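S.K.: Structure file input28.cif (mmCIF, C-alpha atoms) right here:
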data_start
loop_
_atom_site.group_PDB
_atom_site.id
_atom_site.type_symbol
_atom_site.label_atom_id
_atom_site.label_comp_id
_atom_site.auth_asym_id
_atom_site.auth_seq_id
_atom_site.Cartn_x
_atom_site.Cartn_y
_atom_site.Cartn_z
ATOM 1 C CA MET X 25 49.088 -112.950 216.167
ATOM 2 C CA PRO X 26 50.304 -111.386 219.486
ATOM 3 C CA ASP X 27 49.991 -107.905 217.938
ATOM 4 C CA LYS X 28 46.223 -108.455 217.888
ATOM 5 C CA LYS X 29 44.105 -106.895 220.632
ATOM 6 C CA ILE X 30 41.808 -109.213 222.565
ATOM 7 C CA ALA X 31 38.782 -108.279 224.658
ATOM 8 C CA PHE X 32 37.953 -110.888 227.304
ATOM 9 C CA ILE X 33 34.473 -110.667 228.853
ATOM 10 C CA GLY X 34 33.891 -112.866 231.899
ATOM 11 C CA LEU X 35 36.792 -113.449 234.289
ATOM 12 C CA GLY X 36 35.435 -116.205 236.495
ATOM 13 C CA ILE X 37 37.070 -119.431 237.670
ATOM 14 C CA MET X 38 37.863 -120.364 234.073
ATOM 15 C CA GLY X 39 37.970 -116.999 232.351
ATOM 16 C CA LEU X 40 40.633 -115.300 234.472
ATOM 17 C CA PRO X 41 43.386 -117.907 234.015
ATOM 18 C CA MET X 42 42.547 -118.119 230.315
ATOM 19 C CA ALA X 43 42.908 -114.343 229.951
ATOM 20 C CA VAL X 44 46.154 -114.398 231.944
ATOM 21 C CA ASN X 45 47.592 -117.061 229.641
ATOM 22 C CA LEU X 46 46.820 -114.827 226.657
ATOM 23 C CA VAL X 47 48.630 -111.912 228.357
ATOM 24 C CA ARG X 48 51.639 -114.142 229.002
ATOM 25 C CA ALA X 49 51.615 -115.183 225.349
ATOM 26 C CA GLY X 50 52.114 -111.555 224.369
ATOM 27 C CA TYR X 51 48.585 -110.422 223.519
ATOM 28 C CA THR X 52 47.132 -107.095 224.604
ATOM 29 C CA VAL X 53 44.140 -108.252 226.652
ATOM 30 C CA THR X 54 41.446 -105.900 227.902
ATOM 31 C CA GLY X 55 39.112 -107.482 230.426
ATOM 32 C CA HIS X 56 35.655 -106.823 231.798
ATOM 33 C CA ASN X 57 33.769 -108.634 234.542
ATOM 34 C CA ARG X 58 30.777 -107.923 236.764
ATOM 35 C CA SER X 59 33.017 -108.296 239.839
ATOM 36 C CA PRO X 60 35.756 -105.654 239.477
ATOM 37 C CA GLU X 61 38.240 -107.507 241.683
ATOM 38 C CA ARG X 62 38.600 -110.119 238.940
ATOM 39 C CA VAL X 63 39.617 -107.342 236.539
ATOM 40 C CA ASP X 64 42.090 -106.146 239.185
ATOM 41 C CA ALA X 65 43.672 -109.604 239.120
ATOM 42 C CA LEU X 66 44.017 -109.459 235.323
ATOM 43 C CA VAL X 67 45.533 -105.967 235.470
ATOM 44 C CA ALA X 68 48.046 -107.229 238.051
ATOM 45 C CA GLU X 69 49.180 -109.761 235.442
ATOM 46 C CA GLY X 70 49.606 -107.128 232.729
ATOM 47 C CA GLY X 71 46.105 -106.930 231.290
ATOM 48 C CA LEU X 72 44.037 -103.790 230.761
ATOM 49 C CA ARG X 73 40.747 -102.636 232.307
ATOM 50 C CA GLY X 74 37.810 -102.259 229.914
ATOM 51 C CA GLY X 75 35.399 -100.499 232.273
ATOM 52 C CA SER X 76 32.424 -101.904 230.370
ATOM 53 C CA VAL X 77 31.667 -104.386 227.615
ATOM 54 C CA ALA X 78 31.716 -101.559 225.079
ATOM 55 C CA GLY X 79 34.972 -100.175 226.470
ATOM 56 C CA ALA X 80 36.686 -103.559 226.284
ATOM 57 C CA VAL X 81 35.411 -104.438 222.832
ATOM 58 C CA ALA X 82 35.621 -101.155 220.872
ATOM 59 C CA ASP X 83 39.233 -101.522 219.690
ATOM 60 C CA ALA X 84 39.501 -105.325 219.772
ATOM 61 C CA ASP X 85 40.449 -107.589 216.890
ATOM 62 C CA VAL X 86 39.201 -110.646 218.811
ATOM 63 C CA VAL X 87 36.439 -110.781 221.431
ATOM 64 C CA ILE X 88 36.192 -113.755 223.796
ATOM 65 C CA THR X 89 33.213 -114.249 226.093
ATOM 66 C CA MET X 90 33.191 -116.682 229.035
ATOM 67 C CA VAL X 91 30.000 -116.194 231.050
ATOM 68 C CA PRO X 92 27.745 -118.623 232.960
ATOM 69 C CA ASP X 93 24.579 -119.284 230.913
ATOM 70 C CA SER X 94 22.580 -118.635 227.743
ATOM 71 C CA PRO X 95 20.825 -115.455 229.030
ATOM 72 C CA ASP X 96 24.195 -114.026 230.066
ATOM 73 C CA VAL X 97 25.643 -114.603 226.598
ATOM 74 C CA GLU X 98 22.568 -113.053 224.963
ATOM 75 C CA GLU X 99 22.848 -109.994 227.225
ATOM 76 C CA VAL X 100 26.589 -109.545 226.608
ATOM 77 C CA MET X 101 26.292 -110.080 222.860
ATOM 78 C CA LEU X 102 22.925 -108.569 221.964
ATOM 79 C CA GLY X 103 22.178 -106.070 224.740
ATOM 80 C CA ASP X 104 22.510 -102.302 224.513
ATOM 81 C CA GLY X 105 26.210 -101.464 224.553
ATOM 82 C CA GLY X 106 27.014 -105.134 224.081
ATOM 83 C CA VAL X 107 29.513 -106.845 221.817
ATOM 84 C CA PHE X 108 27.413 -106.601 218.662
ATOM 85 C CA ASP X 109 26.743 -102.889 219.258
ATOM 86 C CA SER X 110 30.381 -102.095 219.952
ATOM 87 C CA ALA X 111 32.660 -104.357 217.914
ATOM 88 C CA LYS X 112 34.047 -103.145 214.615
ATOM 89 C CA PRO X 113 33.029 -105.033 211.423
ATOM 90 C CA GLY X 114 35.135 -108.106 210.744
ATOM 91 C CA THR X 115 35.898 -108.734 214.426
ATOM 92 C CA LEU X 116 36.324 -112.378 215.382
ATOM 93 C CA VAL X 117 33.879 -113.133 218.220
ATOM 94 C CA ILE X 118 34.497 -116.348 220.152
ATOM 95 C CA ASP X 119 31.967 -117.443 222.753
ATOM 96 C CA MET X 120 33.677 -119.964 225.043
ATOM 97 C CA SER X 121 30.745 -120.211 227.471
ATOM 98 C CA THR X 122 28.677 -123.388 227.735
ATOM 99 C CA ILE X 123 25.144 -122.627 226.534
ATOM 100 C CA ARG X 124 22.261 -124.091 224.530
ATOM 101 C CA PRO X 125 23.163 -125.020 220.929
ATOM 102 C CA ASP X 126 20.104 -123.226 219.536
ATOM 103 C CA VAL X 127 21.138 -120.005 221.287
ATOM 104 C CA SER X 128 24.615 -120.298 219.755
ATOM 105 C CA ARG X 129 23.125 -120.682 216.301
ATOM 106 C CA GLY X 130 20.941 -117.617 216.799
ATOM 107 C CA ILE X 131 23.872 -115.541 218.024
ATOM 108 C CA ALA X 132 25.980 -116.586 215.027
ATOM 109 C CA GLU X 133 23.186 -115.511 212.667
ATOM 110 C CA ALA X 134 22.806 -112.162 214.437
ATOM 111 C CA GLY X 135 26.563 -111.653 214.304
ATOM 112 C CA ALA X 136 26.687 -112.318 210.570
ATOM 113 C CA GLU X 137 24.141 -109.546 210.054
ATOM 114 C CA LYS X 138 26.612 -107.198 211.789
ATOM 115 C CA ASP X 139 29.536 -108.457 209.668
ATOM 116 C CA LEU X 140 31.042 -110.222 212.680
ATOM 117 C CA ARG X 141 32.654 -113.668 212.536
ATOM 118 C CA VAL X 142 31.202 -115.743 215.357
ATOM 119 C CA LEU X 143 32.439 -119.072 216.710
ATOM 120 C CA ASP X 144 31.013 -121.122 219.563
ATOM 121 C CA ALA X 145 33.978 -122.686 221.352
ATOM 122 C CA PRO X 146 33.109 -124.196 224.745
ATOM 123 C CA VAL X 147 35.915 -125.860 226.654
ATOM 124 C CA SER X 148 36.552 -128.835 228.903
ATOM 125 C CA GLY X 149 39.268 -129.300 231.477
ATOM 126 C CA GLY X 150 38.042 -127.343 234.480
ATOM 127 C CA GLU X 151 40.032 -124.764 236.402
ATOM 128 C CA ALA X 152 43.180 -126.876 236.265
ATOM 129 C CA GLY X 153 42.953 -127.131 232.483
ATOM 130 C CA ALA X 154 42.454 -123.372 232.220
ATOM 131 C CA VAL X 155 45.444 -122.622 234.456
ATOM 132 C CA GLU X 156 47.687 -125.153 232.701
ATOM 133 C CA ALA X 157 46.470 -124.150 229.204
ATOM 134 C CA LYS X 158 45.440 -127.739 228.541
ATOM 135 C CA LEU X 159 41.790 -127.197 227.658
ATOM 136 C CA SER X 160 39.916 -129.215 225.079
ATOM 137 C CA ILE X 161 38.149 -126.728 222.787
ATOM 138 C CA MET X 162 35.093 -127.780 220.765
ATOM 139 C CA VAL X 163 34.420 -125.292 217.993
ATOM 140 C CA GLY X 164 31.361 -124.643 215.861
ATOM 141 C CA GLY X 165 31.477 -122.277 212.892
ATOM 142 C CA GLU X 166 33.212 -121.694 209.567
ATOM 143 C CA GLN X 167 36.593 -123.212 208.702
ATOM 144 C CA GLU X 168 38.033 -119.817 207.733
ATOM 145 C CA ASP X 169 37.102 -118.321 211.101
ATOM 146 C CA PHE X 170 38.446 -121.357 212.964
ATOM 147 C CA ASP X 171 41.745 -121.001 211.108
ATOM 148 C CA ALA X 172 41.880 -117.309 212.055
ATOM 149 C CA ALA X 173 41.338 -118.181 215.723
ATOM 150 C CA ARG X 174 43.727 -121.134 215.818
ATOM 151 C CA LEU X 175 46.707 -119.275 217.320
ATOM 152 C CA VAL X 176 44.498 -118.028 220.149
ATOM 153 C CA PHE X 177 43.121 -121.512 220.743
ATOM 154 C CA ASP X 178 46.650 -122.932 220.818
ATOM 155 C CA VAL X 179 47.490 -120.615 223.740
ATOM 156 C CA LEU X 180 44.472 -121.795 225.721
ATOM 157 C CA GLY X 181 44.387 -125.523 225.065
ATOM 158 C CA THR X 182 45.901 -128.603 223.529
ATOM 159 C CA THR X 183 42.927 -129.924 221.570
ATOM 160 C CA PRO X 184 41.095 -127.279 219.523
ATOM 161 C CA VAL X 185 38.876 -129.050 216.986
ATOM 162 C CA LEU X 186 36.321 -127.690 214.510
ATOM 163 C CA VAL X 187 33.411 -130.084 214.959
ATOM 164 C CA GLY X 188 30.827 -128.595 212.597
ATOM 165 C CA PRO X 189 28.729 -125.508 211.826
ATOM 166 C CA SER X 190 27.513 -122.994 214.396
ATOM 167 C CA GLY X 191 26.071 -124.671 217.480
ATOM 168 C CA SER X 192 28.063 -127.878 216.972
ATOM 169 C CA GLY X 193 30.633 -126.912 219.563
ATOM 170 C CA GLN X 194 27.869 -126.585 222.148
ATOM 171 C CA THR X 195 26.387 -129.938 221.139
ATOM 172 C CA VAL X 196 29.739 -131.669 221.622
ATOM 173 C CA LYS X 197 30.188 -129.853 224.957
ATOM 174 C CA ALA X 198 26.807 -131.176 226.089
ATOM 175 C CA ALA X 199 28.002 -134.694 225.266
ATOM 176 C CA ASN X 200 31.206 -133.960 227.189
ATOM 177 C CA GLN X 201 29.266 -132.884 230.274
ATOM 178 C CA LEU X 202 27.139 -136.011 230.048
ATOM 179 C CA ILE X 203 30.256 -138.208 230.060
ATOM 180 C CA VAL X 204 31.977 -136.234 232.833
ATOM 181 C CA ALA X 205 28.958 -136.353 235.154
ATOM 182 C CA GLY X 206 28.579 -140.079 234.556
ATOM 183 C CA ASN X 207 32.270 -140.666 235.263
ATOM 184 C CA ILE X 208 32.151 -138.671 238.491
ATOM 185 C CA GLN X 209 29.089 -140.522 239.733
ATOM 186 C CA LEU X 210 30.665 -143.913 238.965
ATOM 187 C CA LEU X 211 33.899 -142.871 240.680
ATOM 188 C CA ALA X 212 31.843 -141.830 243.712
ATOM 189 C CA GLU X 213 30.082 -145.196 243.726
ATOM 190 C CA ALA X 214 33.415 -147.008 243.438
ATOM 191 C CA LEU X 215 34.889 -145.073 246.375
ATOM 192 C CA VAL X 216 31.943 -145.774 248.654
ATOM 193 C CA PHE X 217 32.049 -149.421 247.555
ATOM 194 C CA LEU X 218 35.787 -149.718 248.332
ATOM 195 C CA GLU X 219 35.420 -147.986 251.695
ATOM 196 C CA ALA X 220 32.543 -150.265 252.699
ATOM 197 C CA HIS X 221 34.846 -153.260 252.174
ATOM 198 C CA GLY X 222 37.740 -151.720 254.097
ATOM 199 C CA VAL X 223 40.003 -151.357 251.069
ATOM 200 C CA ASP X 224 42.777 -148.735 251.127
ATOM 201 C CA THR X 225 41.299 -146.296 248.623
ATOM 202 C CA GLU X 226 44.593 -144.617 247.730
ATOM 203 C CA SER X 227 46.016 -147.951 246.565
ATOM 204 C CA GLY X 228 42.701 -148.940 245.039
ATOM 205 C CA LEU X 229 42.435 -145.823 242.885
ATOM 206 C CA GLU X 230 46.088 -146.108 241.887
ATOM 207 C CA VAL X 231 45.607 -149.551 240.383
ATOM 208 C CA LEU X 232 42.240 -148.657 238.855
ATOM 209 C CA GLY X 233 43.852 -145.642 237.213
ATOM 210 C CA GLY X 234 46.393 -147.874 235.494
ATOM 211 C CA GLY X 235 43.797 -150.062 233.781
ATOM 212 C CA LEU X 236 40.765 -149.664 231.559
ATOM 213 C CA ALA X 237 38.928 -147.900 234.410
ATOM 214 C CA GLY X 238 41.481 -145.085 234.309
ATOM 215 C CA SER X 239 40.278 -141.650 233.218
ATOM 216 C CA THR X 240 41.068 -137.951 233.488
ATOM 217 C CA VAL X 241 38.227 -137.715 236.006
ATOM 218 C CA LEU X 242 39.884 -140.332 238.222
ATOM 219 C CA GLN X 243 43.271 -138.655 237.831
ATOM 220 C CA ARG X 244 42.068 -135.121 238.601
ATOM 221 C CA LYS X 245 39.259 -135.796 241.084
ATOM 222 C CA GLY X 246 40.140 -139.040 242.866
ATOM 223 C CA ALA X 247 42.433 -137.728 245.612
ATOM 224 C CA ALA X 248 40.162 -134.798 246.480
ATOM 225 C CA MET X 249 37.124 -137.070 246.613
ATOM 226 C CA ARG X 250 38.970 -139.447 248.943
ATOM 227 C CA GLY X 251 39.642 -136.488 251.236
ATOM 228 C CA ARG X 252 36.137 -135.017 250.834
ATOM 229 C CA ASP X 253 37.686 -131.827 249.509
ATOM 230 C CA PHE X 254 35.013 -130.241 247.343
ATOM 231 C CA ALA X 255 36.593 -126.805 246.762
ATOM 232 C CA PRO X 256 35.094 -125.703 243.455
ATOM 233 C CA GLY X 257 36.984 -126.252 240.233
ATOM 234 C CA PHE X 258 33.658 -126.589 238.435
ATOM 235 C CA ARG X 259 30.577 -125.833 240.504
ATOM 236 C CA ILE X 260 27.586 -128.132 240.867
ATOM 237 C CA ALA X 261 25.280 -125.222 239.937
ATOM 238 C CA LEU X 262 26.959 -124.946 236.538
ATOM 239 C CA HIS X 263 26.937 -128.685 235.931
ATOM 240 C CA ASP X 264 23.242 -128.708 236.781
ATOM 241 C CA LYS X 265 22.706 -126.066 234.093
ATOM 242 C CA ASP X 266 24.744 -128.169 231.658
ATOM 243 C CA MET X 267 22.791 -131.335 232.411
ATOM 244 C CA ARG X 268 19.548 -129.486 231.734
ATOM 245 C CA ILE X 269 20.989 -128.568 228.334
ATOM 246 C CA VAL X 270 21.801 -132.259 227.775
ATOM 247 C CA THR X 271 18.396 -133.575 228.778
ATOM 248 C CA ASP X 272 16.489 -130.862 226.881
ATOM 249 C CA SER X 273 18.573 -131.382 223.736
ATOM 250 C CA ALA X 274 18.175 -135.160 223.953
ATOM 251 C CA ARG X 275 14.412 -134.797 224.292
ATOM 252 C CA THR X 276 14.299 -132.463 221.290
ATOM 253 C CA ALA X 277 16.268 -134.975 219.197
ATOM 254 C CA GLY X 278 14.237 -137.956 220.434
ATOM 255 C CA VAL X 279 17.341 -139.601 221.938
ATOM 256 C CA ALA X 280 17.219 -141.816 225.036
ATOM 257 C CA ILE X 281 19.837 -141.106 227.715
ATOM 258 C CA PRO X 282 18.646 -143.238 230.663
ATOM 259 C CA LEU X 283 21.924 -143.134 232.624
ATOM 260 C CA GLY X 284 22.387 -139.463 231.837
ATOM 261 C CA ALA X 285 18.899 -138.650 233.082
ATOM 262 C CA GLN X 286 19.632 -140.418 236.370
ATOM 263 C CA VAL X 287 22.904 -138.545 236.855
ATOM 264 C CA ALA X 288 21.133 -135.273 235.991
ATOM 265 C CA GLN X 289 18.723 -135.970 238.876
ATOM 266 C CA SER X 290 21.664 -136.547 241.238
ATOM 267 C CA VAL X 291 23.276 -133.264 240.198
ATOM 268 C CA ALA X 292 19.975 -131.388 240.587
ATOM 269 C CA SER X 293 19.349 -132.986 243.978
ATOM 270 C CA LEU X 294 22.746 -131.906 245.251
ATOM 271 C CA LYS X 295 22.156 -128.336 244.071
ATOM 272 C CA ASN X 296 18.678 -128.283 245.642
ATOM 273 C CA GLN X 297 20.208 -129.343 248.961
ATOM 274 C CA GLY X 298 22.200 -126.102 248.927
ATOM 275 C CA HIS X 299 25.473 -127.487 247.603
ATOM 276 C CA GLY X 300 25.525 -125.627 244.288
ATOM 277 C CA GLY X 301 28.784 -123.888 245.178
ATOM 278 C CA LEU X 302 30.705 -127.140 245.691
ATOM 279 C CA ASP X 303 32.778 -128.883 243.064
ATOM 280 C CA HIS X 304 30.874 -131.391 240.937
ATOM 281 C CA SER X 305 32.893 -134.174 242.567
ATOM 282 C CA ALA X 306 30.562 -133.588 245.545
ATOM 283 C CA LEU X 307 28.238 -136.066 243.796
ATOM 284 C CA LEU X 308 29.929 -138.355 246.316
ATOM 285 C CA LYS X 309 27.586 -136.864 248.934
ATOM 286 C CA ILE X 310 24.548 -138.237 247.093
ATOM 287 C CA ILE X 311 26.024 -141.736 246.930
ATOM 288 C CA GLU X 312 26.848 -141.602 250.642
ATOM 289 C CA GLN X 313 23.278 -140.528 251.433
ATOM 290 C CA LEU X 314 21.787 -143.313 249.345
ATOM 291 C CA SER X 315 24.147 -145.794 251.047
ATOM 292 C CA GLY X 316 23.320 -144.526 254.540
ATOM 293 C CA ARG X 317 26.966 -143.713 255.208
#
Take the structure from the file and write it as structure tokens.
M.R.:
Amino acid sequence: MPDKKIAFIGLGIMGLPMAVNLVRAGYTVTGHNRSPERVDALVAEGGLRGGSVAGAVADADVVITMVPDSPDVEEVMLGDGGVFDSAKPGTLVIDMSTIRPDVSRGIAEAGAEKDLRVLDAPVSGGEAGAVEAKLSIMVGGEQEDFDAARLVFDVLGTTPVLVGPSGSGQTVKAANQLIVAGNIQLLAEALVFLEAHGVDTESGLEVLGGGLAGSTVLQRKGAAMRGRDFAPGFRIALHDKDMRIVTDSARTAGVAIPLGAQVAQSVASLKNQGHGGLDHSALLKIIEQLSGR
């Protein structure tokens, strides 16, 4: 598939390394981003400059979007000069943003009317997973379209899975964000607990990581949390948006998520304190505040 041309819209913390990995795999990748310096970084790696959404998409065989929220996806896809206005019939359109499942379903329906093949394919793994091409990719859509996109997914991640029809990828991503936020909050509580008892936290996390308490969250976030290094790999502001998707979707389905609702409040509180630009591991700050430490 490397002879295929890919348009990549949205070159943020996750999008840029994903686009770079596609360039390194041999694809012709044309990028567009609101901040032009991110396109400069892609061009430095061998990518091309789109100039606009329409310019990036016009000659593409595959279009990938990776933007922050549901309104952004709707604007990029449905707006004047957007993907649906500019892509040629039959183009494979893969939205890898994290947005509301109902919005994904609506976009897929609108795409079908334009003879476009639309997949929702949000990812998990954070910046490190994007850089290392080890993302987990949760895909909603048709089997035929998933099969057509598989070689692209295999460049970006290690676990691409078709989980159901359009919108299903976003539903699974919401569940993922629920689990991740809960894990981070519990890791924060464990760290504060260990510190209060004078335990060496490096040794403590090492042994915890080797047992049933071990997790990818502990492995990737533990050392930075010990050092209070909250440089963003995934920003609190985005996780707050994701937790609102979780709580709204749970309410719509009539599902109780008592622990998830509590963690959502912690994430929102941290953002409202002005920490939206920090990594989501900064949930540790909330636990320290509640503990008076």
S.K.: Take CA of Asp119 in chain X and CA of Pro146 in chain X and report the distance between them in Å, one decimal.
M.R.: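 Computing the Euclidean distance for CA of Asp119 in chain X and CA of Pro146 in chain X yields 7.1 Å.
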S.K.: What's the 10 Å shell around range 33-37 of chain X, counting all atoms listed in the file, without same-chain residues fewer than 2 positions away, as an MDAnalysis selection string?
M.R.: chainID X and resid 30:31 39:44 54:63 65:66 74 76:77 80:81 87:92 96:97 100 107 119:121 150:152 154:155 256:259
S.K.: Counting all atoms listed in the file, which of X:Arg252, X:Arg141, X:Arg268, X:Lys295 gets nearest to Ile118 in chain X?
M.R.: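 Counting all atoms listed in the file, the residue closest to Ile118 in chain X is X:Arg141.
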S.K.: Report the residues retrieved by the PyMOL selection byres ((chain X and resi 174) around 12) from the displayed file, expressed as a ChimeraX atom specification.
M.R.: /X:25,86,116,118,143,145,161-163,167-173,175-186
S.K.: Padding 3 Å on each side, edges along x, y and z: where is the centre of the box around the listed atoms of range 30-40 of chain X, and how long are its edges in Å to one decimal? Output it as AutoDock Vina command-line options.
M.R.:
--center_x 37.8 --center_y -114.3 --center_z 230.1 --size_x 13.9 --size_y 18.1 --size_z 21.1
S.K.: Given the PyMOL selection byres ((chain X and resi 304) around 12) and the file above, list the residues it selects as JSON, numbers by chain.
M.R.: {"X": [150, 201, 204, 205, 206, 207, 208, 209, 211, 212, 241, 245, 248, 249, 252, 253, 254, 255, 256, 257, 258, 259, 260, 261, 262, 263, 264, 265, 266, 267, 287, 288, 290, 291, 292, 294, 295, 299, 300, 301, 302, 303, 305, 306, 307, 308, 309, 310]}
S.K.: For Leu140 in chain X, which residue among X:Val223, X:Ala111, X:Ile311, X:Val279 is the nearest when counting all atoms listed in the file?
M.R.: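 Nearest candidate to Leu140 in chain X out of X:Val223, X:Ala111, X:Ile311, X:Val279: X:Ala111.
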S.K.: For the structure shown, which residues end up in the PyMOL selection byres ((chain X and resi 192) around 10)? Put them as a PyMOL selection string, please?
M.R.: chain X and resi 125-126+128-129+143-146+162-165+186-191+193-198
